[in-house]
Amino acid sequence: MTGAPVRRGGPDLGSPTLRELARPGRRAWTFPVLDVPLVELPAEHARSAGPSLPEVSEIDIVRHFTRLSQMNYGVDTGFYPLGSCSMKYNPKVAETVAALPGFQRLHPHQPEETVQGALELLWMLERALCEVTGMARVTFQPPAGASGELTGLLVIRAYHTKNGNPRSKIVIPDSAHGTNPASVSLSGYQVRQVPSDARGLVDVGQLEKLVDEDVAGLMLTNPNTLGLFEDEIEGIAEVLHRVGALLYYDGANLNAIIGRVRPGDMGFDVVHMNTHKTFATPHGGGGPGAGPVAVGESLERFLPKPLLGFDQDSGRYYWDHDRPDSIGRVHGFNGNFGVLVRAFAYVFGHGRDGLREVGERAVLNANYLACLVMGDYPLAFPGRPMHEFVSTARPMKRHGVRAMDVAKRLIDLGFHPPTVYFPLVVEEAMMVEPTETESKETLDAFAEAMLQAAREAREHPELLHEAPVTAPVRRLDEAKAARELKLRW
Amino acid sequence: MRFAPHTDDDAREMLAACGLSSIDGLFAHLPPGVTLDRELGIPAGLSEMELVSEMRRLAARNRHADDLVCFAGGGAYDHYVPSIVWALAGRSELYTSYTPYQPEISQGVLQILFEYQSMICELTGLDVSNASLYDGPTALVEAVHMATSATGRSRILVTEALDPRFLQTLRTYGAGEHFEVERIAADKGVTGVEGIVGEPAAVVVQHPNGWGNLENARDLFGAAHAAGARAIQVFDPLSLGIVASPAELGADIAVGEGQVLGNHLNYGGPYLGVIAARIQDVRRMPGRIVGETADVDGARGYVLTLQAREQHIRREKATSNICTNQTLMAVAATVYLAWLGPEGLRELGQQCLAKTRYAAERLSGLSDTELKYPEAEFFKEFVLRTERDPVAIQSALIEAGFLTGPIVGDDGLLVSVTERRTREEIDAFAKAFEGATQ
């Protein structure tokens, strides 16, 4: 049930780099003998000295990367309750189908006639995502959530510009993820922050004071970043729409409400989804993701181009480039297609019942786990959590123990820790998102580990300060890394 | 398909622990006005075998680079992907992990990214690389952002010979970031140095360029520096076994499409945005960067570093909004570059160059067909000009079993030849091309 990588003892402690493994003359590559005349590059274009890449054999490479993989924690090795990341199980069948040559070996410049199956897949996925979000059209170009945010904001900008004034401000909650304000800046807008109220929800009174006709829109997750449902969402939408501003739905927390609540029905005008969260595409140690953006009919004309088209009469799918109001291209080709194939497998494998059950089990798991641990880790806000909950490790501070110490101790106890110190508005925040993947037994074991860490914080705080001791390395000096920059061998 | 493991008894017990008797109780506080009172209009779920059948049906509606011989290029290339690349990048300890926020249990991904950064620096000759961006065109947007930040200027001079997808992407982001893009002419297939005038923030040169041609990059970057601009090169990582490196040519920032580094064609993504720069711009770099450090016992280890540049710390003042990147593609690139080594990279470059030259000679000798830029040197692709409609030629070639493209302008067809193509395939392609032009 626990899956943290552990330290190997003995003389092989630590992992050499490829460069340290290299020996001059060793090699892994093979190519056929050149069967056309050799050509020399003119001297002015030629490289003076070849790059100093490592020279290693194939078995060197295989053992090196296999060993490194064993120093890594993944969903396949254990429970991964990283809040706001929805680290659920990534179905193996999605890998099988994504590797079909009819998907994996498609060249992006192939004429439409030769990729009708790929376009049909995207069309079916688009219809499903429109149904899930309550929107009219989808662009698949954004390759990740933050790219989806920027795309959505540029769409909002194009909409207001078309109406005569791009406006200058975007409102975000103080609990927002860092990509929100960063995307706002890149889209040419200024950030206005609305505070949370005592319930951890958008302070609607403050929002009303902030919103005027220079506000282009509001970015919001719902459930919000504290894992709480913004139950005044209809009123919030009214405040924005009254002055002609738009509502942007950050789909980071869509997993909580899938099949039960649709962003479009809450009044949102633009929605991005994170396929690696809601639709279980593997996060790859940092990426790739895919960040499809869905919009209502009034914004469709501004979506990136080309946009997928379908001709009813001929039954033919095509890329529509003739879109004069489009914001343009946001990705080199048409987005992370290989990731979207995996998302398709998840959506259509689950179907309408399965998707609704996903949200229900995710919320059930978060509520159950919150009940088990809230005695020692009080909830930051009193409301009922949705798919994740934010606790605080503040009570441990008087024993000299911080949230990060608890996180590191959980590693010794075999678990990946929750997200810590986010959202920024909660002191000593610990943000826990179990997802629907986990069984009652796993949640019980994790809760027991959290409670053990809390006991130890009171009785043996040094165990937490010294942790981790079982991982491949102990606590790393981040200040040294930033001070003595060593970014390459 | 269902993956949630709860039995009915589990669900009941767990609800009871929360003081509830039904799942609906978990959602009772949601306003009724926004809750869906019907099922989603999506088909019922499928068993795994039904799903695989449906997806095989869709895949079978596509032609692809295993059933057509691929001479297509223009930013995505049919290079050979050795077996070990995805056997290792596909280790699920790596691909089912998140961004390495807890470094003690993420040393695998962190060390691989450190090795990736190291090899990108070796390839480009530059000082620093990040841990990946989305793809080549979005990497160029980030490079331009670095240049405007470094120079305090907003004019971006871009060669006309830049792959149009890069230009289109740059223009989209210019709307929000307030930089203006201007074109530099490229007559006879290469960029003219006389177009570099005024006080630009950056001069963007693709080398080899969007038509496959080698530019006079040293002169162009020299002129960029004389104008006080950052010199940005869009490069092909696989050219660098034989073609002079961005650092040798004088580039300050180099961005490339890393699909060629062990990643599949995937109909355009997921690919890999490569970026490298001189140390002067390290604090302007976008995205994750891995640094070496030590643990409390002095053992070597790796962490995400210089995070004060990034969105989760700096928020609206961050150098970029990127969070999720393309780490797994960078892992594949690291395995692939280790497999190639310095000799393999040189051999690969020589094979691309020689086979492309051979194909150009075969094709330009055909009636009605000539090289569009006969005076230019090229690396692994070139533009053919024909008197017939290139769209019709492309279709006829598919009938004959060959992929080409993209189409360039009204009368050009891009042909790309990687190390995978054999003399026999090139000869057959030339024959089919001749048939297609008549």
# chains A, B, ... in the order shown; residues from 1 in each chain; ligands from 1

call {"tool": "select_by_dssp", "arguments": {"residues": "region 207-361 of chain A", "states": "strand (DSSP E or B)", "output": "ChimeraX atom specification"}}
result
/A:215-220,246-251,261,270-273,293-295,307-311,316-320

call {"tool": "residues_around", "arguments": {"residues": "region 346-350 of chain A", "least_positions_apart": "6", "cutoff": "6 Å", "atoms": "only C-alpha atoms", "output": "ChimeraX atom specification"}}
result
/A:279 /B:1,45-46

call {"tool": "atom_distance", "arguments": {"atom1": "CA of Ala449 (chain A)", "atom2": "CA of Leu226 (chain A)"}}
result
22.7 Å

call {"tool": "residues_around", "arguments": {"residues": "Lys317 (chain B)", "least_positions_apart": "6", "cutoff": "9 Å", "atoms": "only C-alpha atoms", "output": "list in words"}}
result
Pro181, Ala182 and Ser185 of chain A; Arg309, Glu310 and Gln311 of chain B

call {"tool": "residues_around", "arguments": {"residues": "region 169-184 of chain B", "least_positions_apart": "6", "cutoff": "6 Å", "atoms": "only C-alpha atoms", "output": "PyMOL selection string"}}
result
(chain A and resi 186-188+328-330) or (chain B and resi 141+154-160+195)

call {"tool": "atom_distance", "arguments": {"atom1": "CA of Gly250 (chain B)", "atom2": "CA of Pro42 (chain A)"}}
result
18.4 Å

call {"tool": "select_by_dssp", "arguments": {"residues": "region 4-118 of chain B", "states": "helix (DSSP H, G or I)", "output": "PyMOL selection string"}}
result
chain B and resi 8-17+23-27+32-34+48-60+83-89+92-95+103-105+107-118

call {"tool": "closest_atom_pairs", "arguments": {"of": "region 67-117 of chain B", "to": "region 257-281 of chain B", "cutoff": "8 Å", "atoms": "only C-alpha atoms", "output": "CSV"}}
result
residue,atom,partner,partner_atom,distance
B:Gly75,CA,B:Glu257,CA,7.0
B:Ala76,CA,B:Leu265,CA,6.6
B:Tyr77,CA,B:Val260,CA,6.3
B:Asp78,CA,B:Leu265,CA,7.1
B:His79,CA,B:Val260,CA,6.4
B:Tyr80,CA,B:Gly262,CA,7.5
B:Val81,CA,B:Gly262,CA,5.1
B:Pro82,CA,B:Gly262,CA,7.5
B:Val85,CA,B:Gly262,CA,6.5

call {"tool": "residues_around", "arguments": {"residues": "region 79-91 of chain A", "least_positions_apart": "3", "cutoff": "6 Å", "atoms": "only C-alpha atoms", "output": "ChimeraX atom specification"}}
result
/A:75,94,277,280-282,416,418-419,431-435,437

call {"tool": "residues_around", "arguments": {"residues": "Ser147 (chain A)", "least_positions_apart": "2", "cutoff": "10 Å", "atoms": "only C-alpha atoms", "output": "list in words"}}
result
Gln141, Pro142, Pro143, Ala144, Gly145, Glu149, Leu150, Thr151, Gly152, Leu153, Thr179, Ser183, His272, Ala290, Gly291, Pro292, Val293, Val330 and His331 of chain A; Tyr134, Thr138, Asn321, Ile322, Cys323 and Thr324 of chain B

call {"tool": "write_last_selection", "arguments": {"atoms": "N, CA and C atoms", "output": "compact mmCIF listing (two decimals), in the first residue's frame"}}
result
# COMPACT_ATOMS: atom_id res chain seq x y z
N GLN A 141 -5.92 23.10 -29.23
CA GLN A 141 -4.53 23.54 -29.38
C GLN A 141 -3.75 23.70 -28.07
N PRO A 142 -4.33 24.27 -27.01
CA PRO A 142 -3.49 24.51 -25.83
C PRO A 142 -2.88 23.21 -25.27
N PRO A 143 -1.56 23.16 -25.12
CA PRO A 143 -0.90 21.92 -24.70
C PRO A 143 -0.89 21.69 -23.19
N ALA A 144 -1.42 22.62 -22.41
CA ALA A 144 -1.46 22.42 -20.95
C ALA A 144 -2.43 23.43 -20.36
N GLY A 145 -2.71 23.28 -19.07
CA GLY A 145 -3.69 24.14 -18.43
C GLY A 145 -3.33 25.62 -18.50
N GLU A 149 -5.36 28.72 -20.09
CA GLU A 149 -5.72 29.98 -19.43
C GLU A 149 -5.40 31.16 -20.34
N LEU A 150 -4.18 31.17 -20.86
CA LEU A 150 -3.76 32.30 -21.69
C LEU A 150 -4.63 32.37 -22.95
N THR A 151 -4.91 31.20 -23.53
CA THR A 151 -5.79 31.15 -24.71
C THR A 151 -7.16 31.74 -24.39
N GLY A 152 -7.74 31.31 -23.27
CA GLY A 152 -9.06 31.80 -22.87
C GLY A 152 -9.05 33.30 -22.63
N LEU A 153 -7.98 33.80 -22.02
CA LEU A 153 -7.88 35.23 -21.75
C LEU A 153 -7.72 36.02 -23.05
N THR A 179 -0.54 30.24 -11.79
CA THR A 179 -0.64 30.40 -13.25
C THR A 179 -1.70 31.44 -13.61
N SER A 183 -0.83 34.25 -16.23
CA SER A 183 -1.51 34.26 -17.53
C SER A 183 -2.18 35.61 -17.77
N HIS A 272 -11.33 26.02 -19.29
CA HIS A 272 -10.28 25.10 -19.74
C HIS A 272 -10.32 23.85 -18.88
N ALA A 290 -2.69 18.42 -21.58
CA ALA A 290 -3.43 19.03 -22.69
C ALA A 290 -4.45 19.93 -22.01
N GLY A 291 -4.67 21.11 -22.57
CA GLY A 291 -5.56 22.08 -21.92
C GLY A 291 -6.65 22.58 -22.85
N PRO A 292 -7.54 21.66 -23.32
CA PRO A 292 -8.59 22.10 -24.23
C PRO A 292 -9.41 23.24 -23.62
N VAL A 293 -9.80 24.19 -24.47
CA VAL A 293 -10.59 25.33 -24.01
C VAL A 293 -11.95 25.28 -24.70
N VAL A 330 -2.01 29.01 -31.20
CA VAL A 330 -1.34 29.03 -29.88
C VAL A 330 -0.42 27.83 -29.69
N HIS A 331 -0.35 26.94 -30.68
CA HIS A 331 0.52 25.75 -30.62
C HIS A 331 1.03 25.49 -32.03
N TYR B 134 6.65 23.60 -24.31
CA TYR B 134 5.63 22.80 -25.01
C TYR B 134 6.10 22.27 -26.38
N THR B 138 6.11 27.62 -29.45
CA THR B 138 5.85 28.30 -28.16
C THR B 138 7.17 28.60 -27.46
N ASN B 321 4.08 31.88 -17.73
CA ASN B 321 2.99 31.24 -16.97
C ASN B 321 3.11 29.72 -16.99
N ILE B 322 4.14 29.19 -17.62
CA ILE B 322 4.21 27.72 -17.81
C ILE B 322 4.31 27.00 -16.47
N CYS B 323 3.58 25.91 -16.34
CA CYS B 323 3.59 25.08 -15.12
C CYS B 323 3.85 23.66 -15.60
N THR B 324 2.80 22.97 -16.06
CA THR B 324 3.02 21.69 -16.73
C THR B 324 3.82 21.93 -18.00

call {"tool": "residues_around", "arguments": {"residues": "region 228-237 of chain A", "least_positions_apart": "3", "cutoff": "6 Å", "atoms": "only C-alpha atoms", "output": "ChimeraX atom specification"}}
result
/A:201,222-224,240-241,267,385-386

call {"tool": "closest_residue", "arguments": {"among": "A:Ala176, A:Ala4, A:Leu299, A:Ile170", "to": "Thr470 (chain A)", "atoms": "only C-alpha atoms"}}
result
A:Ala4

call {"tool": "atom_distance", "arguments": {"atom1": "CA of Ala131 (chain B)", "atom2": "CA of His109 (chain A)"}}
result
27.3 Å
